[in-house]
$ cat run_9.csv   # CSV, C-alpha atoms
chain,number,residue,atom,x,y,z
A,1,MET,CA,97.7,96.7,21.1
A,2,GLN,CA,101.4,97.6,21.3
A,3,LYS,CA,100.6,100.3,23.9
A,4,ASP,CA,98.9,97.6,26.0
A,5,ALA,CA,101.9,95.3,25.8
A,6,ALA,CA,104.2,98.2,26.9
A,7,LEU,CA,101.8,98.9,29.8
A,8,LEU,CA,101.7,95.3,30.8
A,9,ALA,CA,105.5,95.1,30.8
A,10,GLN,CA,105.7,98.3,33.0
A,11,LEU,CA,103.1,96.8,35.4
A,12,TRP,CA,104.9,93.5,35.6
A,13,GLU,CA,108.2,95.3,36.4
A,14,LEU,CA,106.5,97.2,39.2
A,15,VAL,CA,104.4,94.4,40.7
A,16,GLU,CA,106.7,91.4,40.5
A,17,PRO,CA,109.3,92.6,43.1
A,18,ILE,CA,106.6,93.5,45.6
A,19,VAL,CA,104.8,90.2,45.2
A,20,GLU,CA,108.1,88.2,45.4
A,21,GLY,CA,109.2,90.3,48.4
A,22,GLU,CA,106.3,88.9,50.3
A,23,GLY,CA,107.2,85.3,49.4
A,24,PHE,CA,104.7,84.8,46.6
A,25,GLU,CA,105.1,84.3,42.9
A,26,LEU,CA,103.5,86.6,40.3
A,27,VAL,CA,101.7,84.1,38.0
A,28,ASP,CA,99.8,86.4,35.7
A,29,LEU,CA,98.8,90.0,35.3
A,30,GLN,CA,95.8,91.1,33.2
A,31,TYR,CA,94.8,94.6,32.2
A,32,LEU,CA,91.3,94.9,30.9
A,33,ARG,CA,89.8,98.2,29.7
A,34,SER,CA,86.1,98.8,29.6
A,35,GLY,CA,84.9,102.2,28.6
A,36,ARG,CA,86.5,104.9,30.8
A,37,SER,CA,87.7,102.5,33.5
A,38,ALA,CA,89.9,99.4,33.6
A,39,ARG,CA,90.5,96.3,35.7
A,40,LEU,CA,93.9,95.2,36.8
A,41,ARG,CA,94.0,91.5,37.8
A,42,ILE,CA,97.0,90.2,39.6
A,43,PHE,CA,97.3,86.4,40.1
A,44,ILE,CA,99.6,85.2,42.8
A,45,ASP,CA,100.6,81.8,44.1
A,46,ARG,CA,102.8,80.4,46.7
A,47,THR,CA,105.9,78.6,45.7
A,48,GLU,CA,105.9,74.8,45.6
A,49,GLN,CA,105.3,73.1,49.0
A,50,GLN,CA,103.9,76.2,50.7
A,51,GLY,CA,100.2,75.6,50.5
A,52,SER,CA,97.5,77.6,48.8
A,53,VAL,CA,96.8,81.4,48.7
A,54,SER,CA,94.3,82.7,51.2
A,55,VAL,CA,91.9,85.6,51.0
A,56,ASP,CA,94.0,87.3,53.6
A,57,ASP,CA,97.1,86.8,51.4
A,58,CYS,CA,95.3,88.5,48.5
A,59,ALA,CA,94.2,91.4,50.7
A,60,HIS,CA,97.7,91.8,52.0
A,61,ILE,CA,99.2,92.0,48.5
A,62,SER,CA,96.5,94.3,47.4
A,63,ARG,CA,97.2,96.7,50.3
A,64,LEU,CA,100.9,96.7,49.3
A,65,LEU,CA,100.3,97.2,45.6
A,66,SER,CA,97.7,99.9,45.7
A,67,PRO,CA,100.0,102.7,47.0
A,68,ALA,CA,102.9,101.6,44.7
A,69,LEU,CA,100.6,101.7,41.7
A,70,ASP,CA,99.3,105.1,42.7
A,71,VAL,CA,102.8,106.6,43.1
A,72,GLU,CA,104.0,105.3,39.8
A,73,ASP,CA,100.7,106.4,38.1
A,74,ILE,CA,101.2,103.9,35.2
A,75,ILE,CA,97.5,103.4,34.6
A,76,GLN,CA,96.1,106.7,33.3
A,77,CYS,CA,92.4,106.1,34.0
A,78,ARG,CA,90.2,104.9,36.9
A,79,TYR,CA,90.8,101.2,37.6
A,80,PHE,CA,89.9,98.4,39.9
A,81,LEU,CA,92.6,96.3,41.4
A,82,GLU,CA,91.9,92.6,41.9
A,83,VAL,CA,94.4,90.2,43.5
A,84,SER,CA,93.6,86.5,43.5
A,85,SER,CA,95.0,83.0,43.4
A,86,PRO,CA,95.4,81.4,40.0
A,87,GLY,CA,92.9,78.7,40.7
A,88,ILE,CA,93.1,75.0,40.0
A,89,ASN,CA,93.5,75.5,36.3
A,90,ARG,CA,96.5,77.7,36.8
A,91,ILE,CA,98.0,79.4,33.8
A,92,LEU,CA,101.5,78.3,32.8
A,93,ARG,CA,103.5,81.2,31.4
A,94,LYS,CA,107.1,81.1,32.4
A,95,PRO,CA,109.7,78.4,31.5
A,96,ALA,CA,109.9,77.6,35.2
A,97,ASP,CA,106.2,76.8,35.2
A,98,PHE,CA,106.7,74.1,32.5
A,99,VAL,CA,109.5,72.5,34.6
A,100,ARG,CA,107.6,72.8,37.9
A,101,PHE,CA,104.4,71.1,36.6
A,102,ALA,CA,106.0,68.4,34.5
A,103,GLY,CA,104.0,65.2,34.9
A,104,LYS,CA,100.7,67.1,35.2
A,105,LYS,CA,97.8,67.2,32.7
A,106,VAL,CA,97.7,70.4,30.7
A,107,LYS,CA,95.8,72.1,27.9
A,108,LEU,CA,97.7,74.2,25.4
A,109,LYS,CA,96.6,76.4,22.5
A,110,THR,CA,99.1,77.6,19.9
A,111,TYR,CA,99.2,80.6,17.6
A,112,GLU,CA,100.4,78.5,14.7
A,113,ALA,CA,99.6,74.9,14.0
A,114,VAL,CA,102.0,72.2,15.1
A,115,GLN,CA,101.7,69.0,13.1
A,116,GLY,CA,98.3,70.1,11.9
A,117,ARG,CA,96.8,71.1,15.2
A,118,ARG,CA,96.5,74.1,17.5
A,119,GLN,CA,95.0,72.6,20.6
A,120,PHE,CA,96.6,70.0,22.8
A,121,LYS,CA,95.5,68.2,25.9
A,122,GLY,CA,97.8,65.8,27.5
A,123,VAL,CA,100.7,65.2,30.0
A,124,LEU,CA,103.3,67.9,30.3
A,125,GLU,CA,106.7,66.2,30.0
A,126,GLY,CA,108.7,69.4,30.7
A,127,ILE,CA,110.7,71.8,28.7
A,128,HIS,CA,113.7,71.3,26.4
A,129,GLU,CA,115.6,74.5,25.5
A,130,ASP,CA,112.8,76.8,24.4
A,131,ARG,CA,110.3,74.0,23.5
A,132,VAL,CA,107.5,72.6,25.7
A,133,VAL,CA,107.1,68.9,25.4
A,134,ILE,CA,103.7,67.4,25.8
A,135,THR,CA,102.3,63.9,25.2
A,136,CYS,CA,98.8,63.6,23.8
A,137,ASN,CA,97.3,60.2,23.0
A,138,ASP,CA,100.7,58.4,22.8
A,139,SER,CA,102.1,61.1,20.5
A,140,GLN,CA,104.7,63.6,21.7
A,141,TYR,CA,104.8,67.2,20.5
A,142,GLU,CA,107.4,69.9,21.0
A,143,ILE,CA,106.0,73.4,21.0
A,144,SER,CA,108.0,76.6,20.9
A,145,LEU,CA,107.4,78.8,23.9
A,146,ASP,CA,106.8,81.7,21.5
A,147,ASN,CA,104.0,79.7,19.8
A,148,ILE,CA,102.0,79.1,23.0
A,149,GLN,CA,99.0,81.3,23.1
A,150,ARG,CA,97.7,79.9,26.3
A,151,ALA,CA,98.6,77.0,28.6
A,152,ASN,CA,96.8,75.9,31.7
A,153,LEU,CA,96.8,73.0,34.1
A,154,ASP,CA,93.9,70.7,33.3
A,155,VAL,CA,92.6,69.6,36.6
A,156,ILE,CA,88.9,69.5,35.8

$ encode --input "run_9.csv" --output "structure tokens"
Amino acid sequence: MQKDAALLAQLWELVEPIVEGEGFELVDLQYLRSGRSARLRIFIDRTEQQGSVSVDDCAHISRLLSPALDVEDIIQCRYFLEVSSPGINRILRKPADFVRFAGKKVKLKTYEAVQGRRQFKGVLEGIHEDRVVITCNDSQYEISLDNIQRANLDVI
């Protein structure tokens, strides 16, 4: 598992500047192994007020990433590269995400319980220092960024 974390960090370091250089944001990166092959999923988004990501945008980023990944040879097995938009239930991962989407409905899952619960569904109030603030059923919770296992917009 630690090996995968190091691999993800290397991939993020390689991919993010390429994605950002084209005017997009790297939202998430997933590396999934299956037998003797793997799948590298890259999720990109446009910055605020720029519209949505198109299929052509994904193809363009894929064409840029493929040779860079081949040259660096970080992934040591056969793999499939997928580039897509984060979708309407976009993952929230970076502190800036929690600022950008303040006022929106979100779902959060924590590693450790906060006031007796690990799952939260409510309105994102923003971030204060290293703590995400969320209001659920008239109660406000502050959750450490390190304790967030998964956070997504809750559009549906």

$ residues_near_point --input "run_9.csv" --point "(92.5, 99.0, 30.4)" --cutoff "10 Å" --atoms "all atoms listed in the file" --output "PyMOL selection string"
chain A and resi 4+7-8+30-40+75-80

$ write_last_selection --input "run_9.csv" --atoms "C-alpha atoms" --output "PDB file, keeping the file's coordinate frame"
ATOM      1  CA  ASP A   4      98.900  97.600  26.000  1.00  0.00           C
ATOM      2  CA  LEU A   7     101.800  98.900  29.800  1.00  0.00           C
ATOM      3  CA  LEU A   8     101.700  95.300  30.800  1.00  0.00           C
ATOM      4  CA  GLN A  30      95.800  91.100  33.200  1.00  0.00           C
ATOM      5  CA  TYR A  31      94.800  94.600  32.200  1.00  0.00           C
ATOM      6  CA  LEU A  32      91.300  94.900  30.900  1.00  0.00           C
ATOM      7  CA  ARG A  33      89.800  98.200  29.700  1.00  0.00           C
ATOM      8  CA  SER A  34      86.100  98.800  29.600  1.00  0.00           C
ATOM      9  CA  GLY A  35      84.900 102.200  28.600  1.00  0.00           C
ATOM     10  CA  ARG A  36      86.500 104.900  30.800  1.00  0.00           C
ATOM     11  CA  SER A  37      87.700 102.500  33.500  1.00  0.00           C
ATOM     12  CA  ALA A  38      89.900  99.400  33.600  1.00  0.00           C
ATOM     13  CA  ARG A  39      90.500  96.300  35.700  1.00  0.00           C
ATOM     14  CA  LEU A  40      93.900  95.200  36.800  1.00  0.00           C
ATOM     15  CA  ILE A  75      97.500 103.400  34.600  1.00  0.00           C
ATOM     16  CA  GLN A  76      96.100 106.700  33.300  1.00  0.00           C
ATOM     17  CA  CYS A  77      92.400 106.100  34.000  1.00  0.00           C
ATOM     18  CA  ARG A  78      90.200 104.900  36.900  1.00  0.00           C
ATOM     19  CA  TYR A  79      90.800 101.200  37.600  1.00  0.00           C
ATOM     20  CA  PHE A  80      89.900  98.400  39.900  1.00  0.00           C
TER      21      PHE A  80
END

$ closest_residue --input "run_9.csv" --among "A:Phe43, A:Phe120, A:Tyr141, A:Trp12" --to "Arg90 in chain A" --atoms "all atoms listed in the file"
A:Phe43

$ residues_around --input "run_9.csv" --residues "Cys136 in chain A" --least-positions-apart "2" --cutoff "7 Å" --atoms "only C-alpha atoms" --output "count of residues only"
8

$ closest_residue --input "run_9.csv" --among "A:Leu108, A:Leu26, A:Leu14, A:Val114" --to "Ile148 in chain A" --atoms "all atoms listed in the file"
A:Leu108

$ residues_near_point --input "run_9.csv" --point "(106.1, 73.1, 21.3)" --cutoff "12 Å" --atoms "only C-alpha atoms" --output "number ranges by chain"
A: 98, 108-115, 117-120, 124-135, 140-151

$ atom_distance --input "run_9.csv" --atom1 "CA of Phe101 in chain A" --atom2 "CA of Asn152 in chain A"
10.2 Å

$ atom_distance --input "run_9.csv" --atom1 "CA of Ala102 in chain A" --atom2 "CA of Leu29 in chain A"
22.8 Å

$ closest_residue --input "run_9.csv" --among "A:Val27, A:Ile74, A:Leu11, A:Ile18" --to "Ile91 in chain A" --atoms "all atoms listed in the file"
A:Val27

$ axis_aligned_box --input "run_9.csv" --around "range 64-78 of chain A" --padding-each-side "4 Å" --output "lines of an AutoDock Vina configuration file"
center_x = 97.1
center_y = 101.7
center_z = 41.3
size_x = 21.8
size_y = 18.0
size_z = 24.0

$ residues_around --input "run_9.csv" --residues "Asp45 in chain A" --least-positions-apart "5" --cutoff "10 Å" --atoms "all atoms listed in the file" --output "ChimeraX atom specification"
/A:19-20,23-28,50-54,57-58,84-87,90

$ atom_distance --input "run_9.csv" --atom1 "CA of Asp70 in chain A" --atom2 "CA of Leu92 in chain A"
28.7 Å
